[in-house]
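Written out below as structure tokens is the structure these notes cover.
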Amino acid sequence: MFNKPMLGRRRRNLMQSLLIAAIALTGIGMAQARSDASAAAKIGTVYTGDVINGKKVVSSLNTDDLEPGKKHLLYFQGVQMSTGQNWYVSVIVAKGARPGKRITLTSGVHGDEMSAVHTVKSVMGRLNAAEMSGTVMAVVDIARPAMESMQRRWPSSGRGFELIDMNREWPGNENGLGAASRQAGLVFNRLLKPNTDLAIDFHTGTTGLDVAAFHIGEMRIPDVKTMMMLYPVPAIWDSPAYPGVLHNAFIDAGIPCFTPEIGGARRLDLDMIPLFIEGTMNVFKHYGLISGAIGRTAVDANVYIGKSAVPVLTTHGGFIELFVKLNDKVTPGQKVAIQRNAFGEMVAEYTSPVEGLIGALRSDATSEPGNVLMFILSGGAAGPGADSYSE
């Protein structure tokens, strides 16, 4: 999350910019990736001939090719490892008996976000394709190597070992700089974009933060607003967030999408997950994929809509004592935490810079200087330091 030094990010961005320019001069790179994406969009499902654990493997998918009224379990062939083998992504398709909207659910873009994966699998378990209209496609483990090691970022050995945040790589590049970018390009061009009318990209907070139930999405986009308001979730961050996130790649492709945030990382939040299952089923009902009455919505949750996500950063190292809880409302100047050193002496006192709602709190009891102590969803326009929360 915020623990990566800004200098390191700038250095990496500069290196990537220089490498992109060099690759462009040789005729490889972005133009080639666009050509690959265009070609992939024109072809149907391509089976590699491999079968893994009884599931067929595809290198591109057109859900129109699948038999209606059934669930289909497939593996998508992703980017190669350093050994030359491939990473495979799990794909579940509930192909309705009748035509209708195509809705895609994604999770596992960060490898430590277990509540997101569990939510998507639970939703798919409730669908009966024989009684559905349209198609629901679920992709639950996009960043496979990150998930295998239960960590947020994709481990890369391209320039020495480094960790890549895959949710800054979208829409990716099939001939890009590193495996994470290429994985994003393959998955987006050959699996997600060709089969999607509406999308929901599920996440959780990162390791080290407890996070409230909320959404990230742009209320100005009618379908995004409609979908977010169909969830009984108490908060929305009305924002596009950051360049390179998956939901923005969908938006740029003309596909409405938003990001639900389901609690903290590395565990199942069994109190929070049902809210997101109920909301997703409401989305299916609203768009006619399944029948039934709409359940609870954002109105029932008395939803709070924030325009900015303002972080409170630690200024010292030491032991944290929090005076607020998730979803507490705070006012400017309100004391929210203190910090003590190993002698028990108070070294810092923290106050809220804005009026708003506590959206996340540091879960570790200690902190180095510069870590996120909390972020506050604020209804006001973003000021200095705002909109820095990283889902």
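Chains: A, B, ... in order of the structure tokens. Residues: from 1 per chain. Ligands: from 1, in order shown.
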
Strand (DSSP E) residues, from DSSP on the backbone, in region 184-326 of chain A, as a PyMOL selection string: chain A and resi 198-201+209-211+213-217+235-238+257-262+304-306+308-313+318-322

Print the selection's residues with N, CA and C atoms to a file, as a short mmCIF file (atom, residue, chain, number, x, y, z; two decimals), in the first residue's frame.
```
data_model
loop_
_atom_site.label_atom_id
_atom_site.label_comp_id
_atom_site.auth_asym_id
_atom_site.auth_seq_id
_atom_site.Cartn_x
_atom_site.Cartn_y
_atom_site.Cartn_z
N LEU A 198 -20.80 -5.51 -18.53
CA LEU A 198 -20.67 -4.84 -17.24
C LEU A 198 -19.67 -5.65 -16.41
N ALA A 199 -18.90 -4.96 -15.54
CA ALA A 199 -17.88 -5.68 -14.78
C ALA A 199 -17.83 -5.17 -13.35
N ILE A 200 -17.43 -6.08 -12.45
CA ILE A 200 -17.23 -5.75 -11.03
C ILE A 200 -15.90 -6.37 -10.63
N ASP A 201 -14.95 -5.53 -10.18
CA ASP A 201 -13.61 -5.99 -9.82
C ASP A 201 -13.46 -5.96 -8.31
N LEU A 209 -3.87 -3.15 7.09
CA LEU A 209 -5.00 -2.24 7.30
C LEU A 209 -6.28 -3.05 7.46
N ASP A 210 -7.10 -2.68 8.44
CA ASP A 210 -8.49 -3.14 8.51
C ASP A 210 -9.33 -2.12 7.74
N VAL A 211 -10.20 -2.62 6.88
CA VAL A 211 -10.93 -1.75 5.96
C VAL A 211 -12.43 -1.97 6.11
N ALA A 213 -16.44 -1.80 4.74
CA ALA A 213 -17.11 -2.17 3.49
C ALA A 213 -17.41 -0.90 2.71
N PHE A 214 -16.87 -0.80 1.50
CA PHE A 214 -17.17 0.35 0.66
C PHE A 214 -16.89 0.02 -0.80
N HIS A 215 -17.28 0.93 -1.68
CA HIS A 215 -17.04 0.81 -3.11
C HIS A 215 -16.15 1.95 -3.58
N ILE A 216 -15.41 1.71 -4.67
CA ILE A 216 -14.74 2.76 -5.41
C ILE A 216 -15.31 2.76 -6.82
N GLY A 217 -15.82 3.89 -7.26
CA GLY A 217 -16.38 3.99 -8.61
C GLY A 217 -16.88 5.39 -8.87
N ALA A 235 -20.72 2.75 2.44
CA ALA A 235 -19.90 3.87 1.97
C ALA A 235 -19.48 3.67 0.52
N ILE A 236 -19.35 4.80 -0.17
CA ILE A 236 -18.87 4.82 -1.56
C ILE A 236 -17.81 5.92 -1.67
N TRP A 237 -16.69 5.58 -2.28
CA TRP A 237 -15.71 6.60 -2.66
C TRP A 237 -15.97 6.91 -4.13
N ASP A 238 -16.56 8.07 -4.38
CA ASP A 238 -16.93 8.50 -5.74
C ASP A 238 -15.69 9.04 -6.42
N CYS A 257 -17.70 -0.33 -14.84
CA CYS A 257 -17.09 -1.19 -13.83
C CYS A 257 -16.81 -0.38 -12.57
N PHE A 258 -16.80 -1.05 -11.42
CA PHE A 258 -16.41 -0.42 -10.17
C PHE A 258 -15.71 -1.46 -9.30
N THR A 259 -15.20 -1.01 -8.15
CA THR A 259 -14.43 -1.88 -7.26
C THR A 259 -15.06 -1.94 -5.88
N PRO A 260 -15.63 -3.08 -5.49
CA PRO A 260 -16.01 -3.29 -4.09
C PRO A 260 -14.78 -3.60 -3.24
N GLU A 261 -14.73 -3.06 -2.03
CA GLU A 261 -13.66 -3.35 -1.06
C GLU A 261 -14.28 -4.09 0.13
N ILE A 262 -13.76 -5.30 0.39
CA ILE A 262 -14.41 -6.20 1.33
C ILE A 262 -13.48 -6.50 2.50
N TYR A 304 -22.94 6.48 2.85
CA TYR A 304 -22.17 7.73 2.90
C TYR A 304 -21.35 7.82 1.62
N ILE A 305 -21.43 8.92 0.89
CA ILE A 305 -20.71 9.08 -0.36
C ILE A 305 -19.60 10.11 -0.17
N GLY A 306 -18.37 9.64 -0.27
CA GLY A 306 -17.21 10.51 -0.13
C GLY A 306 -16.62 10.88 -1.48
N SER A 308 -13.39 12.18 -1.55
CA SER A 308 -11.95 12.02 -1.41
C SER A 308 -11.66 11.02 -0.31
N ALA A 309 -10.47 10.44 -0.37
CA ALA A 309 -10.01 9.49 0.66
C ALA A 309 -8.71 10.06 1.22
N VAL A 310 -8.79 10.62 2.40
CA VAL A 310 -7.69 11.40 2.97
C VAL A 310 -6.90 10.54 3.95
N PRO A 311 -5.62 10.29 3.69
CA PRO A 311 -4.83 9.47 4.62
C PRO A 311 -4.29 10.30 5.78
N VAL A 312 -4.18 9.65 6.93
CA VAL A 312 -3.43 10.19 8.08
C VAL A 312 -2.18 9.33 8.19
N LEU A 313 -1.01 9.93 8.02
CA LEU A 313 0.25 9.20 8.01
C LEU A 313 0.96 9.34 9.35
N GLY A 318 6.77 3.87 16.52
CA GLY A 318 6.30 3.60 17.88
C GLY A 318 5.03 2.78 17.91
N PHE A 319 4.42 2.73 19.10
CA PHE A 319 3.26 1.90 19.36
C PHE A 319 1.99 2.73 19.23
N ILE A 320 0.99 2.20 18.50
CA ILE A 320 -0.22 2.94 18.15
C ILE A 320 -1.33 2.66 19.15
N GLU A 321 -2.06 3.71 19.54
CA GLU A 321 -3.29 3.58 20.31
C GLU A 321 -4.37 4.34 19.56
N LEU A 322 -5.37 3.62 19.06
CA LEU A 322 -6.43 4.22 18.26
C LEU A 322 -7.61 4.62 19.14
#
```

Set the distance at 9 Å and use only C-alpha atoms: which residues neighbour region 53-64 of chain A once local chain neighbours fewer than 5 positions away are removed? I'd like the list as a PDB file with N, CA and C atoms, in the first residue's frame.
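Full text of result.pdb as output:
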```
ATOM      1  N   ALA A  40      -7.068 -10.864 -31.375  1.00  0.00           N
ATOM      2  CA  ALA A  40      -7.723 -11.728 -30.400  1.00  0.00           C
ATOM      3  C   ALA A  40      -9.213 -11.483 -30.353  1.00  0.00           C
ATOM      4  N   ALA A  41      -9.624 -10.221 -30.535  1.00  0.00           N
ATOM      5  CA  ALA A  41     -11.041  -9.886 -30.457  1.00  0.00           C
ATOM      6  C   ALA A  41     -11.821 -10.496 -31.612  1.00  0.00           C
ATOM      7  N   ILE A  43     -11.225 -13.538 -33.083  1.00  0.00           N
ATOM      8  CA  ILE A  43     -11.254 -14.989 -33.132  1.00  0.00           C
ATOM      9  C   ILE A  43     -12.162 -15.532 -32.050  1.00  0.00           C
ATOM     10  N   GLY A  44     -12.506 -16.793 -32.186  1.00  0.00           N
ATOM     11  CA  GLY A  44     -13.357 -17.423 -31.190  1.00  0.00           C
ATOM     12  C   GLY A  44     -12.522 -18.067 -30.109  1.00  0.00           C
ATOM     13  N   THR A  45     -13.141 -19.013 -29.427  1.00  0.00           N
ATOM     14  CA  THR A  45     -12.443 -19.731 -28.370  1.00  0.00           C
ATOM     15  C   THR A  45     -11.343 -20.601 -28.970  1.00  0.00           C
ATOM     16  N   VAL A  46     -10.161 -20.521 -28.375  1.00  0.00           N
ATOM     17  CA  VAL A  46      -9.036 -21.335 -28.817  1.00  0.00           C
ATOM     18  C   VAL A  46      -8.634 -22.270 -27.678  1.00  0.00           C
ATOM     19  N   TYR A  47      -8.821 -23.561 -27.885  1.00  0.00           N
ATOM     20  CA  TYR A  47      -8.402 -24.562 -26.916  1.00  0.00           C
ATOM     21  C   TYR A  47      -6.965 -24.973 -27.216  1.00  0.00           C
ATOM     22  N   THR A  48      -6.126 -25.014 -26.183  1.00  0.00           N
ATOM     23  CA  THR A  48      -4.715 -25.363 -26.392  1.00  0.00           C
ATOM     24  C   THR A  48      -4.523 -26.858 -26.589  1.00  0.00           C
ATOM     25  N   HIS A  72     -19.493 -23.746 -17.068  1.00  0.00           N
ATOM     26  CA  HIS A  72     -18.277 -24.226 -17.721  1.00  0.00           C
ATOM     27  C   HIS A  72     -17.075 -23.840 -16.859  1.00  0.00           C
ATOM     28  N   LEU A  73     -16.213 -24.809 -16.564  1.00  0.00           N
ATOM     29  CA  LEU A  73     -15.011 -24.593 -15.767  1.00  0.00           C
ATOM     30  C   LEU A  73     -13.796 -24.753 -16.675  1.00  0.00           C
ATOM     31  N   LEU A  74     -13.007 -23.684 -16.787  1.00  0.00           N
ATOM     32  CA  LEU A  74     -11.892 -23.658 -17.718  1.00  0.00           C
ATOM     33  C   LEU A  74     -10.656 -23.089 -17.036  1.00  0.00           C
ATOM     34  N   TYR A  75      -9.499 -23.343 -17.633  1.00  0.00           N
ATOM     35  CA  TYR A  75      -8.292 -22.610 -17.299  1.00  0.00           C
ATOM     36  C   TYR A  75      -7.914 -21.726 -18.486  1.00  0.00           C
ATOM     37  N   PHE A  76      -7.538 -20.492 -18.190  1.00  0.00           N
ATOM     38  CA  PHE A  76      -7.014 -19.594 -19.212  1.00  0.00           C
ATOM     39  C   PHE A  76      -5.491 -19.601 -19.128  1.00  0.00           C
ATOM     40  N   GLN A  77      -4.842 -19.778 -20.279  1.00  0.00           N
ATOM     41  CA  GLN A  77      -3.378 -19.837 -20.320  1.00  0.00           C
ATOM     42  C   GLN A  77      -2.801 -18.430 -20.290  1.00  0.00           C
ATOM     43  N   GLY A  78      -2.123 -18.117 -19.200  1.00  0.00           N
ATOM     44  CA  GLY A  78      -1.555 -16.787 -19.032  1.00  0.00           C
ATOM     45  C   GLY A  78      -0.098 -16.722 -19.436  1.00  0.00           C
ATOM     46  N   TYR A  88      -1.723 -20.360 -15.052  1.00  0.00           N
ATOM     47  CA  TYR A  88      -3.086 -20.599 -15.504  1.00  0.00           C
ATOM     48  C   TYR A  88      -4.078 -19.921 -14.562  1.00  0.00           C
ATOM     49  N   VAL A  93     -17.756 -19.930 -16.008  1.00  0.00           N
ATOM     50  CA  VAL A  93     -18.745 -19.257 -16.848  1.00  0.00           C
ATOM     51  C   VAL A  93     -20.104 -19.908 -16.624  1.00  0.00           C
ATOM     52  N   LYS A  95     -23.351 -19.866 -18.303  1.00  0.00           N
ATOM     53  CA  LYS A  95     -23.932 -19.451 -19.582  1.00  0.00           C
ATOM     54  C   LYS A  95     -25.437 -19.717 -19.526  1.00  0.00           C
ATOM     55  N   THR A 135     -25.001 -14.102 -19.359  1.00  0.00           N
ATOM     56  CA  THR A 135     -23.815 -14.855 -18.970  1.00  0.00           C
ATOM     57  C   THR A 135     -23.099 -14.152 -17.829  1.00  0.00           C
ATOM     58  N   MET A 137     -19.401 -14.428 -16.038  1.00  0.00           N
ATOM     59  CA  MET A 137     -18.057 -15.015 -16.067  1.00  0.00           C
ATOM     60  C   MET A 137     -17.299 -14.550 -14.827  1.00  0.00           C
ATOM     61  N   LEU A 186      -2.760 -10.157 -21.769  1.00  0.00           N
ATOM     62  CA  LEU A 186      -3.385 -11.400 -22.226  1.00  0.00           C
ATOM     63  C   LEU A 186      -4.780 -11.565 -21.638  1.00  0.00           C
ATOM     64  N   VAL A 187      -4.890 -11.378 -20.326  1.00  0.00           N
ATOM     65  CA  VAL A 187      -6.176 -11.582 -19.664  1.00  0.00           C
ATOM     66  C   VAL A 187      -7.203 -10.568 -20.152  1.00  0.00           C
ATOM     67  N   ASN A 189      -7.225  -8.667 -23.047  1.00  0.00           N
ATOM     68  CA  ASN A 189      -7.523  -8.710 -24.482  1.00  0.00           C
ATOM     69  C   ASN A 189      -8.234  -9.986 -24.907  1.00  0.00           C
ATOM     70  N   ARG A 190      -7.895 -11.107 -24.276  1.00  0.00           N
ATOM     71  CA  ARG A 190      -8.335 -12.398 -24.784  1.00  0.00           C
ATOM     72  C   ARG A 190      -9.383 -13.086 -23.904  1.00  0.00           C
ATOM     73  N   LEU A 191      -9.658 -12.470 -22.743  1.00  0.00           N
ATOM     74  CA  LEU A 191     -10.627 -13.090 -21.832  1.00  0.00           C
ATOM     75  C   LEU A 191     -11.678 -12.089 -21.368  1.00  0.00           C
ATOM     76  N   LEU A 192     -11.249 -10.983 -20.785  1.00  0.00           N
ATOM     77  CA  LEU A 192     -12.193 -10.073 -20.129  1.00  0.00           C
ATOM     78  C   LEU A 192     -12.950  -9.190 -21.118  1.00  0.00           C
ATOM     79  N   PRO A 194     -13.479  -9.049 -24.432  1.00  0.00           N
ATOM     80  CA  PRO A 194     -14.380  -9.550 -25.480  1.00  0.00           C
ATOM     81  C   PRO A 194     -15.688 -10.150 -24.958  1.00  0.00           C
ATOM     82  N   ASN A 195     -15.775 -10.415 -23.647  1.00  0.00           N
ATOM     83  CA  ASN A 195     -16.919 -11.157 -23.113  1.00  0.00           C
ATOM     84  C   ASN A 195     -17.712 -10.385 -22.065  1.00  0.00           C
TER      85      ASN A 195
END
```

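In this structure, CA of Asp364 (chain A) sits 28.6 Å away from CA of Ala301 (chain A).
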
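Around region 163-167 of chain A, within 8 Å and counting only C-alpha atoms, the residues found are A:Val109, A:His110, A:Ala143, A:Arg152, A:Arg153, A:Trp154, A:Pro155, A:Ser156, A:Ala180, A:Ser181, A:Ala184, A:Gly244, A:Val245, A:Leu246, once anything fewer than 5 positions away on its own chain is removed.
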
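Put simply, CA of Ile251 (chain A) is 17.1 Å away from CA of His203 (chain A).
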
Residue nearest Met124 (chain A) - candidates A:Met281, A:Ile358, A:Leu270, A:Ser378, atoms counted: only C-alpha atoms: A:Met281

Picked from region 42-267 of chain A by DSSP as helix (DSSP H, G or I), as JSON, numbers by chain: {"A": [42, 63, 64, 65, 114, 115, 116, 117, 118, 119, 120, 121, 122, 123, 124, 125, 129, 130, 131, 144, 145, 146, 147, 148, 166, 167, 168, 179, 180, 181, 182, 183, 184, 185, 186, 187, 188, 189, 190, 191, 192, 193, 194, 195, 222, 223, 224, 225, 226, 227, 228, 229, 246, 247, 248, 249, 250, 251, 252]}

Given only C-alpha atoms as the counted atoms, nearest of A:Ile221, A:Ile142, A:Ala342, A:Ala116 to Pro274 (chain A): A:Ala116

Residue neighbourhood Gly292 (chain A), 12 Å, only C-alpha atoms, exclusion window fewer than 6 positions, as a ChimeraX atom specification: /A:131-132,281-286

With C-alpha atoms retained, write the just-selected residues as a compact mmCIF listing (two decimals), in the first residue's frame.
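Writing done, so here's result-v1.txt:
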```txt
# COMPACT_ATOMS: atom_id res chain seq x y z
CA GLU A 131 -32.66 -20.78 -15.30
CA MET A 132 -30.58 -17.73 -16.28
CA MET A 281 -27.29 -10.89 -6.72
CA ASN A 282 -29.27 -7.62 -6.76
CA VAL A 283 -27.23 -6.54 -9.78
CA PHE A 284 -28.09 -9.78 -11.58
CA LYS A 285 -31.77 -9.29 -10.78
CA HIS A 286 -31.78 -5.65 -11.89
```
